[in-house]
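The next block is start_24.cif, given as mmCIF, C-alpha atoms.
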```
data_upload
loop_
_atom_site.label_atom_id
_atom_site.label_comp_id
_atom_site.auth_asym_id
_atom_site.auth_seq_id
_atom_site.Cartn_x
_atom_site.Cartn_y
_atom_site.Cartn_z
CA MET A 207 0.00 0.00 0.00
CA SER A 208 1.47 3.36 -1.00
CA GLU A 209 1.81 6.18 1.48
CA PHE A 210 -0.98 8.76 1.63
CA GLN A 211 -0.86 12.29 3.04
CA CYS A 212 -3.49 15.00 2.89
CA TYR A 213 -3.13 18.65 3.91
CA LYS A 214 -6.27 20.78 4.00
CA PHE A 215 -6.13 24.53 4.68
CA LYS A 216 -9.06 26.91 5.13
CA THR A 217 -9.60 30.64 5.60
CA ILE A 218 -12.26 31.73 8.08
CA ASP A 219 -11.78 35.41 8.90
CA ARG A 220 -11.22 36.56 5.31
CA PRO A 221 -10.59 35.09 1.83
CA LEU A 222 -7.19 35.04 0.19
CA THR A 223 -6.27 37.98 -1.96
CA GLU A 224 -5.53 37.25 -5.61
CA SER A 225 -1.76 37.50 -5.02
CA GLU A 226 -1.99 35.21 -1.97
CA ARG A 227 -3.95 32.70 -3.98
CA ARG A 228 -1.24 32.65 -6.66
CA GLU A 229 1.42 32.19 -3.99
CA VAL A 230 -0.44 29.26 -2.42
CA ASP A 231 -1.03 27.74 -5.85
CA GLY A 232 2.72 27.84 -6.42
CA LEU A 233 3.52 25.89 -3.26
CA SER A 234 2.94 22.50 -4.87
CA SER A 235 1.79 20.88 -8.10
CA HIS A 236 -0.34 18.52 -5.98
CA GLY A 237 -2.78 21.24 -4.90
CA GLN A 238 -6.32 22.39 -5.48
CA VAL A 239 -6.55 26.05 -4.46
CA SER A 240 -9.46 28.48 -4.16
CA SER A 241 -9.84 31.86 -2.47
CA THR A 242 -10.93 30.16 0.77
CA SER A 243 -9.16 26.78 0.81
CA ALA A 244 -6.29 24.65 -0.40
CA THR A 245 -5.84 20.88 -0.46
CA PHE A 246 -2.59 19.05 -1.13
CA THR A 247 -2.51 15.24 -1.42
CA TYR A 248 0.45 12.92 -1.87
CA GLN A 249 0.69 9.23 -2.69
CA TYR A 250 4.48 9.56 -2.91
CA GLY A 251 6.71 12.45 -1.92
CA ASN A 252 6.07 15.19 0.63
CA PHE A 253 4.83 18.73 1.02
CA LYS A 254 8.03 20.78 0.80
CA HIS A 255 6.89 23.55 3.17
CA LYS A 256 6.30 23.71 6.90
CA PRO A 257 2.50 23.51 7.30
CA GLU A 258 2.59 25.79 10.34
CA THR A 259 4.35 28.46 8.27
CA VAL A 260 1.75 28.18 5.49
CA LEU A 261 -1.03 28.38 8.10
CA GLU A 262 0.51 31.42 9.78
CA LYS A 263 0.89 33.32 6.52
CA TYR A 264 -2.32 32.50 4.65
CA PHE A 265 -4.99 30.50 6.52
CA ASP A 266 -6.94 30.12 9.75
CA ALA A 267 -7.21 26.31 10.00
CA MET A 268 -5.34 23.23 8.85
CA LEU A 269 -6.15 19.52 8.84
CA TYR A 270 -3.54 16.83 8.17
CA PHE A 271 -3.98 13.07 8.07
CA THR A 272 -2.01 10.10 6.77
CA ASN A 273 -2.47 6.39 6.27
CA TRP A 274 0.24 5.65 8.86
CA GLY A 275 -1.79 7.14 11.69
CA THR A 276 -0.82 10.81 12.04
CA ARG A 277 -3.72 13.22 12.57
CA ARG A 278 -3.26 16.93 13.11
CA LEU A 279 -5.57 19.91 13.51
CA MET A 280 -4.22 23.46 13.74
CA PHE A 281 -5.90 26.84 14.20
CA ARG A 282 -4.40 30.28 13.71
CA LEU A 283 -5.81 32.46 16.49
CA PRO A 284 -5.53 36.25 16.89
CA ALA A 285 -3.37 36.52 20.02
CA LYS A 286 -5.37 39.43 21.46
CA LEU A 287 -8.52 37.25 21.50
CA VAL A 288 -6.95 34.27 23.28
CA ASP A 289 -6.97 33.71 27.03
CA GLU A 290 -3.63 31.90 27.27
CA LYS A 291 -3.92 31.40 31.01
CA ALA A 292 -7.28 29.64 30.62
CA ILE A 293 -5.99 27.40 27.81
CA LYS A 294 -2.72 26.44 29.52
CA PRO A 295 -4.17 23.60 31.69
CA TYR A 296 -5.38 21.80 28.54
CA LEU A 297 -2.00 21.79 26.80
CA TYR A 298 -0.41 18.37 26.56
CA GLY A 299 3.11 17.50 25.59
CA ASP A 300 4.57 14.22 24.47
CA GLU A 301 7.80 14.03 22.54
CA TYR A 302 6.83 10.98 20.53
CA SER A 303 3.12 10.44 20.01
CA CYS A 304 0.84 13.41 20.60
CA HIS A 305 0.65 16.98 21.82
CA ILE A 306 -1.50 20.05 22.27
CA GLU A 307 0.65 23.17 21.93
CA LEU A 308 0.13 26.91 21.71
CA LEU A 309 2.86 28.48 19.57
CA LYS A 310 3.49 32.23 19.43
CA ARG A 311 3.80 33.63 15.92
CA GLY A 312 3.79 37.42 15.93
CA GLU A 313 0.24 38.69 16.25
CA TYR A 314 -1.07 35.13 16.16
CA LEU A 315 -1.04 32.01 18.28
CA LEU A 316 -1.03 28.63 16.54
CA LEU A 317 -2.98 25.97 18.37
CA ASP A 318 -1.50 22.64 17.33
CA ILE A 319 -3.28 19.36 18.14
CA GLU A 320 -1.50 16.25 16.88
CA PHE A 321 -1.92 12.54 17.48
CA ASN A 322 0.17 9.67 16.12
CA ASP A 323 -1.29 6.19 16.17
CA GLU A 324 1.57 3.68 16.32
CA GLU A 325 -0.72 1.00 14.88
CA GLY A 326 -1.26 3.04 11.71
CA GLY A 327 -4.35 4.54 10.13
CA GLY A 328 -5.08 2.12 7.28
CA TRP A 329 -6.51 3.03 3.90
CA MET A 330 -7.49 6.71 3.60
CA GLU A 331 -8.85 9.06 0.95
CA GLU A 332 -9.06 12.82 0.61
CA ASP A 333 -12.80 12.93 1.31
CA ASP A 334 -12.55 10.95 4.55
CA HIS A 335 -12.30 14.13 6.65
CA ASP A 336 -13.66 17.61 5.97
CA LEU A 337 -11.98 20.61 7.58
CA GLY A 338 -15.25 22.51 7.31
CA ASP A 339 -16.78 20.10 9.83
CA LEU A 340 -14.13 21.06 12.40
CA ALA A 341 -13.74 24.77 11.67
CA PRO A 342 -16.49 25.91 14.12
CA LEU A 343 -14.27 24.72 16.98
CA ARG A 344 -12.04 27.74 16.33
CA ASP A 345 -14.85 30.11 17.27
CA ASP A 346 -15.65 27.95 20.29
CA ILE A 347 -12.08 28.30 21.57
CA LEU A 348 -11.99 32.05 20.92
CA ASN A 349 -15.23 32.33 22.92
CA GLY A 350 -13.83 30.39 25.88
CA ASP A 351 -15.37 27.00 25.06
CA TYR A 352 -12.60 24.47 25.72
CA ARG A 353 -14.56 21.22 25.43
CA SER A 354 -12.51 20.08 22.43
CA LEU A 355 -9.23 20.79 24.22
CA TYR A 356 -10.35 18.87 27.30
CA LEU A 357 -11.36 15.82 25.30
CA ALA A 358 -8.09 15.87 23.35
CA SER A 359 -6.00 16.28 26.50
CA VAL A 360 -7.57 13.42 28.47
CA SER A 361 -7.84 11.22 25.39
CA PHE A 362 -4.15 11.62 24.55
CA ALA A 363 -3.18 11.01 28.17
CA GLN A 364 -5.36 7.89 28.28
CA GLN A 365 -3.82 6.55 25.07
CA GLU A 366 -0.30 7.25 26.27
CA GLY A 367 -1.05 5.58 29.59
CA ARG A 368 -2.38 2.51 27.80
CA ASP A 369 0.73 2.28 25.61
CA GLU A 370 3.11 2.71 28.53
CA ASP A 371 1.47 0.39 31.06
CA ASP A 372 4.15 -2.22 30.45
CA GLU A 373 7.01 0.28 30.57
CA GLU A 374 6.30 2.49 33.60
CA ASP A 375 7.40 1.49 37.05
CA ASP A 376 4.82 1.45 39.83
CA ASP A 377 5.84 4.85 41.22
CA ASP A 378 5.50 6.61 37.85
CA GLU A 379 2.14 4.98 37.17
CA GLU A 380 0.84 5.89 40.64
CA GLU A 381 1.96 9.51 40.15
CA ALA A 382 0.25 9.71 36.75
CA GLN A 383 -3.00 8.31 38.11
CA SER A 384 -3.04 10.61 41.16
CA SER A 385 -2.37 13.82 39.20
CA LYS A 386 -5.28 16.11 38.42
CA THR A 387 -6.75 16.21 34.95
CA PRO A 388 -7.58 19.64 33.41
CA PRO A 389 -10.77 21.41 34.55
CA VAL A 390 -13.88 19.81 33.05
CA PRO A 391 -15.64 22.39 30.83
CA PRO A 392 -19.40 22.81 31.22
CA ASN A 393 -22.05 21.54 28.80
CA MET A 394 -20.18 18.46 27.58
CA LYS A 395 -23.54 16.73 27.17
CA ARG A 396 -24.46 19.22 24.41
CA MET A 397 -22.18 17.80 21.74
CA SER A 398 -22.19 19.99 18.64
CA ALA A 399 -21.71 18.52 15.19
CA ALA A 400 -18.17 19.97 15.13
CA LEU A 401 -17.32 18.39 18.49
CA LYS A 402 -18.61 15.01 17.31
CA ALA A 403 -16.52 15.32 14.15
CA PHE A 404 -13.52 16.16 16.36
CA THR A 405 -13.92 12.99 18.46
CA ARG A 406 -14.26 10.92 15.28
CA PHE A 407 -11.20 12.48 13.64
CA PHE A 408 -8.99 11.70 16.64
CA GLU A 409 -10.74 8.34 17.20
CA MET A 410 -11.57 9.07 20.83
CA ASP A 411 -12.91 6.44 23.17
CA ASP A 412 -16.71 6.79 23.35
CA ASP A 413 -16.67 5.61 26.98
CA LEU A 414 -14.15 8.32 27.90
CA VAL A 415 -16.41 10.91 26.26
CA SER A 416 -19.36 9.54 28.27
CA ALA A 417 -17.30 9.82 31.47
CA ALA A 418 -16.45 13.44 30.66
CA GLN A 419 -20.11 14.18 30.01
CA ALA A 420 -21.06 12.70 33.38
CA LEU A 421 -18.55 14.99 35.14
CA SER A 422 -19.45 18.13 33.19
CA PRO A 423 -21.90 20.61 34.76
CA ASP A 424 -24.78 22.01 32.73
CA LEU A 425 -24.58 25.80 32.67
CA ALA A 426 -26.92 28.15 30.88
CA ALA A 427 -25.22 30.88 28.89
CA ALA A 428 -25.25 34.23 30.63
CA SER A 429 -28.00 36.45 29.25
CA LEU A 430 -26.42 39.86 28.67
CA ASP A 431 -28.05 42.94 27.22
CA TYR A 432 -25.19 44.06 25.00
CA GLU A 433 -27.08 47.16 23.86
CA LYS A 434 -27.23 48.44 27.44
CA LEU A 435 -23.59 47.56 27.95
CA LEU A 436 -22.75 49.39 24.74
CA ALA A 437 -24.16 52.57 26.25
CA GLN A 438 -21.51 52.37 28.97
CA LEU A 439 -18.67 52.74 26.47
CA PRO A 440 -17.17 56.23 26.29
CA GLU A 441 -18.28 58.07 23.15
CA LYS A 442 -14.72 58.23 21.80
CA GLU A 443 -14.33 54.47 22.14
CA ARG A 444 -17.67 53.78 20.41
CA VAL A 445 -16.47 55.85 17.44
CA GLU A 446 -13.24 53.84 17.38
CA TRP A 447 -15.20 50.58 17.27
CA LEU A 448 -17.34 51.88 14.39
CA SER A 449 -14.23 52.98 12.52
CA ARG A 450 -12.74 49.49 12.89
CA LEU A 451 -16.02 48.00 11.68
CA LEU A 452 -15.90 50.11 8.52
CA LYS A 453 -12.41 48.73 7.87
CA SER A 454 -13.82 45.17 8.02
CA GLU A 455 -11.51 44.15 10.84
CA PRO A 456 -11.77 40.35 11.30
CA ARG A 457 -13.44 38.99 14.40
CA LEU A 458 -14.44 42.45 15.60
CA ASP A 459 -17.66 40.98 17.05
CA VAL A 460 -15.68 38.71 19.37
CA GLN A 461 -13.46 41.57 20.47
CA LEU A 462 -16.40 43.89 21.13
CA ARG A 463 -18.32 41.31 23.15
CA LYS A 464 -15.26 40.64 25.29
CA ARG A 465 -14.88 44.38 25.89
CA LEU A 466 -18.56 44.88 26.78
CA GLU A 467 -18.54 41.91 29.15
CA GLN A 468 -16.08 43.87 31.29
CA PHE A 469 -19.02 46.12 32.21
CA ALA A 470 -21.32 43.22 33.17
CA PRO A 471 -21.92 42.44 36.85
CA LYS A 472 -19.61 39.69 38.07
CA GLY A 473 -21.47 36.71 39.48
CA ALA A 474 -19.96 33.98 41.59
CA ALA A 475 -17.91 31.76 39.29
CA PRO A 476 -18.76 28.06 39.62
CA LYS A 477 -16.05 25.93 41.20
CA PRO A 478 -14.16 24.09 38.47
CA VAL A 479 -14.64 20.32 38.34
CA GLN A 480 -11.39 18.37 38.42
CA VAL A 481 -10.68 14.70 39.00
CA THR A 482 -7.53 12.59 39.15
CA GLY A 483 -6.41 10.37 36.32
CA ALA A 484 -7.39 7.34 38.39
CA GLU A 485 -10.90 8.71 38.99
CA LEU A 486 -11.41 9.42 35.31
CA LYS A 487 -10.09 5.97 34.40
CA SER A 488 -12.48 4.37 36.88
CA LEU A 489 -15.46 6.34 35.61
CA THR A 490 -14.53 5.45 32.02
CA ALA A 491 -14.49 1.76 32.97
CA GLN A 492 -17.90 2.18 34.60
CA LYS A 493 -19.28 3.82 31.44
CA GLU A 494 -17.83 0.98 29.37
CA LYS A 495 -19.59 -1.56 31.59
CA GLU A 496 -22.89 0.34 31.37
CA ARG A 497 -22.57 0.57 27.58
CA LYS A 498 -21.88 -3.14 27.17
CA GLU A 499 -24.82 -4.01 29.42
CA ARG A 500 -27.07 -1.67 27.43
CA GLU A 501 -25.85 -3.10 24.13
CA ALA A 502 -26.35 -6.66 25.39
CA ALA A 503 -29.91 -5.86 26.47
CA GLU A 504 -30.65 -4.21 23.13
CA ALA A 505 -29.15 -7.15 21.23
CA LYS A 506 -31.22 -9.61 23.29
CA ALA A 507 -34.42 -7.66 22.67
CA ALA A 508 -33.63 -7.48 18.93
CA HIS A 509 -32.95 -11.23 18.87
CA VAL A 510 -36.25 -12.03 20.60
CA GLN A 511 -38.10 -9.79 18.16
CA ARG A 512 -36.39 -11.44 15.20
CA MET A 513 -37.21 -14.93 16.45
CA LYS A 514 -40.85 -13.99 16.88
CA GLN A 515 -40.91 -12.78 13.27
CA LEU A 516 -39.07 -15.89 12.05
CA ALA A 517 -41.22 -18.50 13.86
CA PRO A 518 -44.21 -18.29 11.44
CA GLN A 519 -41.80 -18.87 8.52
CA GLU A 520 -40.29 -22.07 9.93
CA GLN A 521 -42.19 -24.55 7.77
CA ALA A 522 -41.73 -22.45 4.63
CA LEU A 523 -37.96 -22.37 5.21
CA TRP A 524 -37.78 -26.16 5.52
CA LYS A 525 -39.86 -26.55 2.35
CA SER A 526 -37.55 -24.21 0.42
CA LEU A 527 -34.51 -26.43 1.01
CA PRO A 528 -35.11 -29.21 -1.58
CA PHE A 529 -35.77 -26.70 -4.36
CA ASN A 530 -32.52 -24.77 -3.71
CA LEU A 531 -30.43 -27.90 -3.10
CA GLU A 532 -31.51 -29.57 -6.32
CA ARG A 533 -30.58 -26.56 -8.43
CA GLN A 534 -26.92 -27.20 -7.49
CA THR A 535 -25.64 -23.67 -8.13
CA GLY A 536 -23.48 -21.54 -5.89
CA LYS A 537 -26.30 -19.05 -5.37
CA SER A 538 -28.88 -21.77 -4.55
CA TYR A 539 -26.44 -23.36 -2.06
CA ASP A 540 -26.00 -19.93 -0.43
CA LEU A 541 -29.79 -19.54 -0.10
CA ALA A 542 -30.15 -23.02 1.39
CA THR A 543 -27.32 -22.40 3.85
CA ALA A 544 -28.80 -19.05 4.91
CA ALA A 545 -32.18 -20.71 5.53
CA LEU A 546 -30.53 -23.42 7.64
CA LYS A 547 -28.68 -20.82 9.71
CA ASP A 548 -32.00 -19.11 10.44
CA LEU A 549 -33.58 -22.45 11.35
CA LYS A 550 -30.68 -23.34 13.65
CA GLU A 551 -30.96 -20.00 15.44
CA LEU A 552 -34.73 -20.46 15.79
CA ALA A 553 -34.34 -24.02 17.09
CA GLU A 554 -31.87 -22.87 19.76
CA TYR A 555 -34.26 -20.08 20.81
CA GLN A 556 -37.17 -22.55 21.05
CA GLY A 557 -35.13 -25.18 22.92
CA LYS A 558 -35.21 -27.59 19.96
CA ALA A 559 -31.48 -27.67 19.18
CA ALA A 560 -31.29 -31.50 19.46
CA ALA A 561 -34.06 -31.98 16.89
CA PHE A 562 -32.34 -29.56 14.49
CA SER A 563 -29.00 -31.37 14.89
CA GLN A 564 -30.71 -34.66 14.02
CA ARG A 565 -32.17 -33.20 10.84
CA MET A 566 -28.77 -31.78 9.89
CA LEU A 567 -27.21 -35.28 10.26
CA GLU A 568 -29.87 -36.61 7.93
CA LEU A 569 -29.17 -33.87 5.40
CA LYS A 570 -25.44 -34.54 5.65
CA LYS A 571 -26.07 -38.21 4.87
CA ASP A 572 -28.42 -37.45 1.97
CA TYR A 573 -25.97 -35.02 0.34
CA ALA A 574 -22.70 -36.63 1.40
CA ARG A 575 -21.38 -36.71 -2.18
CA ARG A 576 -21.72 -32.93 -2.54
CA THR A 577 -18.49 -32.01 -0.78
CA ALA A 578 -18.70 -28.29 -1.68
CA LEU A 579 -22.14 -28.09 -0.07
CA ILE A 580 -21.08 -29.97 3.08
CA SER A 581 -18.02 -27.71 3.34
CA ARG A 582 -20.29 -24.64 3.28
CA TRP A 583 -22.39 -26.10 6.08
CA GLU A 584 -19.32 -26.90 8.17
CA LYS A 585 -17.97 -23.35 7.76
CA ALA A 586 -21.40 -22.00 8.73
CA GLY A 587 -21.28 -24.03 11.97
CA LEU A 588 -24.47 -25.95 11.15
CA PHE A 589 -23.18 -29.23 12.59
CA LYS A 590 -22.18 -27.77 15.98
#
```
If you convert what's in this file into structure tokens, what do you get?
Amino acid sequence: MSEFQCYKFKTIDRPLTESERREVDGLSSHGQVSSTSATFTYQYGNFKHKPETVLEKYFDAMLYFTNWGTRRLMFRLPAKLVDEKAIKPYLYGDEYSCHIELLKRGEYLLLDIEFNDEEGGGWMEEDDHDLGDLAPLRDDILNGDYRSLYLASVSFAQQEGRDEDDEEDDDDEEEAQSSKTPPVPPNMKRMSAALKAFTRFFEMDDDLVSAAQALSPDLAAASLDYEKLLAQLPEKERVEWLSRLLKSEPRLDVQLRKRLEQFAPKGAAPKPVQVTGAELKSLTAQKEKERKEREAAEAKAAHVQRMKQLAPQEQALWKSLPFNLERQTGKSYDLATAALKDLKELAEYQGKAAAFSQRMLELKKDYARRTALISRWEKAGLFK
């Protein structure tokens, strides 16, 4: 299998200028470039530019994935809109496999989320992942919603812990399990489409996500009257905001809301929820157990329903066998084998497995010379 790499870039705050578009188009002959996006794919060879440099200069988001297991999502964030102190607890560093980093680049910060699966990613195609599905997370982060960062941080830590279980000594493992995880953001139960796409892209454990949701408090968004808050701005400052609006300054709405919120009454901030690695691991195991029990109950109910639907067809299925067996074609043998599998399942449900086994021995004797047919039945487990 040949190597596969895909780089996807996207503008969010503004489109590329015509000169920028020409520059991006000249980066590689493997690209498809528009005024708002660029995609570069490789079956052989590599992108000859640092993706973080391309992101910093031209775009607001980048997605990278390969068939050997590397997955990377990057956002270019206006530094003046980012609360670095609030984001810091969610950063995660690992020299070899995965990381969440915040890199300073002039007036921007590059948020870099990367995961490397040592087992590889398998067959991949360009359309497997869409950067547009993940782009809304950039606005979430700028607005102080760190649910994606929390899930990435604990997911990476969980994966690293699983990989290193055989390598760590007891003291290191105990220290890792007793350390606090990052603060659990609120409203994890309200998974947006972008957040769901994020968990799929990084192949996060559904049980870990369920554990995070169980820990996360539900908080209603503060209802602020921004028009009243706007009246509290000095006249000179209001004129400055309008002037910046006329110049089409990107993300001015986010900046203005943050400024106006400084005039809002300060309520008591909820106490952040934090648990140790061991507590999160235990809760994840509990969610896994609950999921398996739920799935088993659902499978049992579906099986009972199927058997009830199959029971009235029992005689018709037995009668269909001679017709299909006498045709002696691959397709007719498949139909006969499928009918027998249904009849075996029904017999076991009805407590008539012994009677079914006896009929199968008779059929085996009657068609003993048809070795291909008997082989099909053996592979289908009809004689067990």
key: Neighbour list for Leu546 (chain A) as a PyMOL selection string, cut-off 8 Å, all atoms listed in the file, skip fewer than 3 positions in-chain   = chain A and resi 523+542-543+549-550+588
task = Tell me, as a PyMOL selection string, which residues lie within 10 Å of region 495-509 of chain A, counting all atoms listed in the file; anything in the same chain fewer than 3 positions away does not count.
result = chain A and resi 412-413+416+489-492+512-515+551-552+555
inquiry  = I want to know what sits within 10 Å of region 285-299 of chain A, based on all atoms listed in the file, with residues of the same chain fewer than 2 positions away left out; could you give that as a count of residues only?
reply    = 46
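Excluding Glu446 (chain A) and any residue on its chain fewer than 6 positions from it, the residues at most 12 Å away by all atoms listed in the file are Leu439, Pro440, Leu452, Lys453, Glu455, Leu458 and Leu462 of chain A.
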Can I get the selected residues back with C-alpha atoms, as a tab-separated table (two decimals), in the coordinates of the input?
```tsv
chain	number	residue	atom	x	y	z
A	439	LEU	CA	-18.67	52.74	26.47
A	440	PRO	CA	-17.17	56.23	26.29
A	452	LEU	CA	-15.90	50.11	8.52
A	453	LYS	CA	-12.41	48.73	7.87
A	455	GLU	CA	-11.51	44.15	10.84
A	458	LEU	CA	-14.44	42.45	15.60
A	462	LEU	CA	-16.40	43.89	21.13
```
ask   = Hey, can you check how far CA of Arg344 (chain A) sits from CA of Thr272 (chain A)?
value = 22.4 Å
task = For Tyr213 (chain A), work out the shell of residues within 6 Å, counting all atoms listed in the file and skipping chain neighbours fewer than 5 positions away, then give it as an MDAnalysis selection string.
result = chainID A and resid 245:246 269:270
request  = Expand the PyMOL selection byres ((chain A and resi 478-482) around 12) into the individual residues it matches in the shown file, reporting them as an NGL selection string.
outcome  = :A and (292 or 295 or 356 or 360 or 363 or 380-392 or 417-424 or 474-477 or 483-489)
key: Output of the PyMOL selection byres ((chain A and resi 524) around 12), listed as a PyMOL selection string   = chain A and resi 517-523+525-531+541-550+562+565-566+569
With C-alpha atoms retained, export the selected residues as an mmCIF file, keeping the file's coordinate frame.
```cif
data_model
loop_
_atom_site.group_PDB
_atom_site.id
_atom_site.type_symbol
_atom_site.label_atom_id
_atom_site.label_comp_id
_atom_site.auth_asym_id
_atom_site.auth_seq_id
_atom_site.Cartn_x
_atom_site.Cartn_y
_atom_site.Cartn_z
ATOM 1 C CA ALA A 517 -41.220 -18.500 13.860
ATOM 2 C CA PRO A 518 -44.210 -18.290 11.440
ATOM 3 C CA GLN A 519 -41.800 -18.870 8.520
ATOM 4 C CA GLU A 520 -40.290 -22.070 9.930
ATOM 5 C CA GLN A 521 -42.190 -24.550 7.770
ATOM 6 C CA ALA A 522 -41.730 -22.450 4.630
ATOM 7 C CA LEU A 523 -37.960 -22.370 5.210
ATOM 8 C CA LYS A 525 -39.860 -26.550 2.350
ATOM 9 C CA SER A 526 -37.550 -24.210 0.420
ATOM 10 C CA LEU A 527 -34.510 -26.430 1.010
ATOM 11 C CA PRO A 528 -35.110 -29.210 -1.580
ATOM 12 C CA PHE A 529 -35.770 -26.700 -4.360
ATOM 13 C CA ASN A 530 -32.520 -24.770 -3.710
ATOM 14 C CA LEU A 531 -30.430 -27.900 -3.100
ATOM 15 C CA LEU A 541 -29.790 -19.540 -0.100
ATOM 16 C CA ALA A 542 -30.150 -23.020 1.390
ATOM 17 C CA THR A 543 -27.320 -22.400 3.850
ATOM 18 C CA ALA A 544 -28.800 -19.050 4.910
ATOM 19 C CA ALA A 545 -32.180 -20.710 5.530
ATOM 20 C CA LEU A 546 -30.530 -23.420 7.640
ATOM 21 C CA LYS A 547 -28.680 -20.820 9.710
ATOM 22 C CA ASP A 548 -32.000 -19.110 10.440
ATOM 23 C CA LEU A 549 -33.580 -22.450 11.350
ATOM 24 C CA LYS A 550 -30.680 -23.340 13.650
ATOM 25 C CA PHE A 562 -32.340 -29.560 14.490
ATOM 26 C CA ARG A 565 -32.170 -33.200 10.840
ATOM 27 C CA MET A 566 -28.770 -31.780 9.890
ATOM 28 C CA LEU A 569 -29.170 -33.870 5.400
#
```
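CA of Ala400 (chain A) is found 27.5 Å from CA of Thr223 (chain A).
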task = Report as number ranges by chain the full result of the PyMOL selection byres ((chain A and resi 579) around 10) when it is applied to this structure.
result = A: 531, 534-536, 539-540, 542-543, 570, 573-578, 580-584
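The two atoms in question, CA of Met330 (chain A) and CA of Phe271 (chain A), are spaced 8.5 Å apart.
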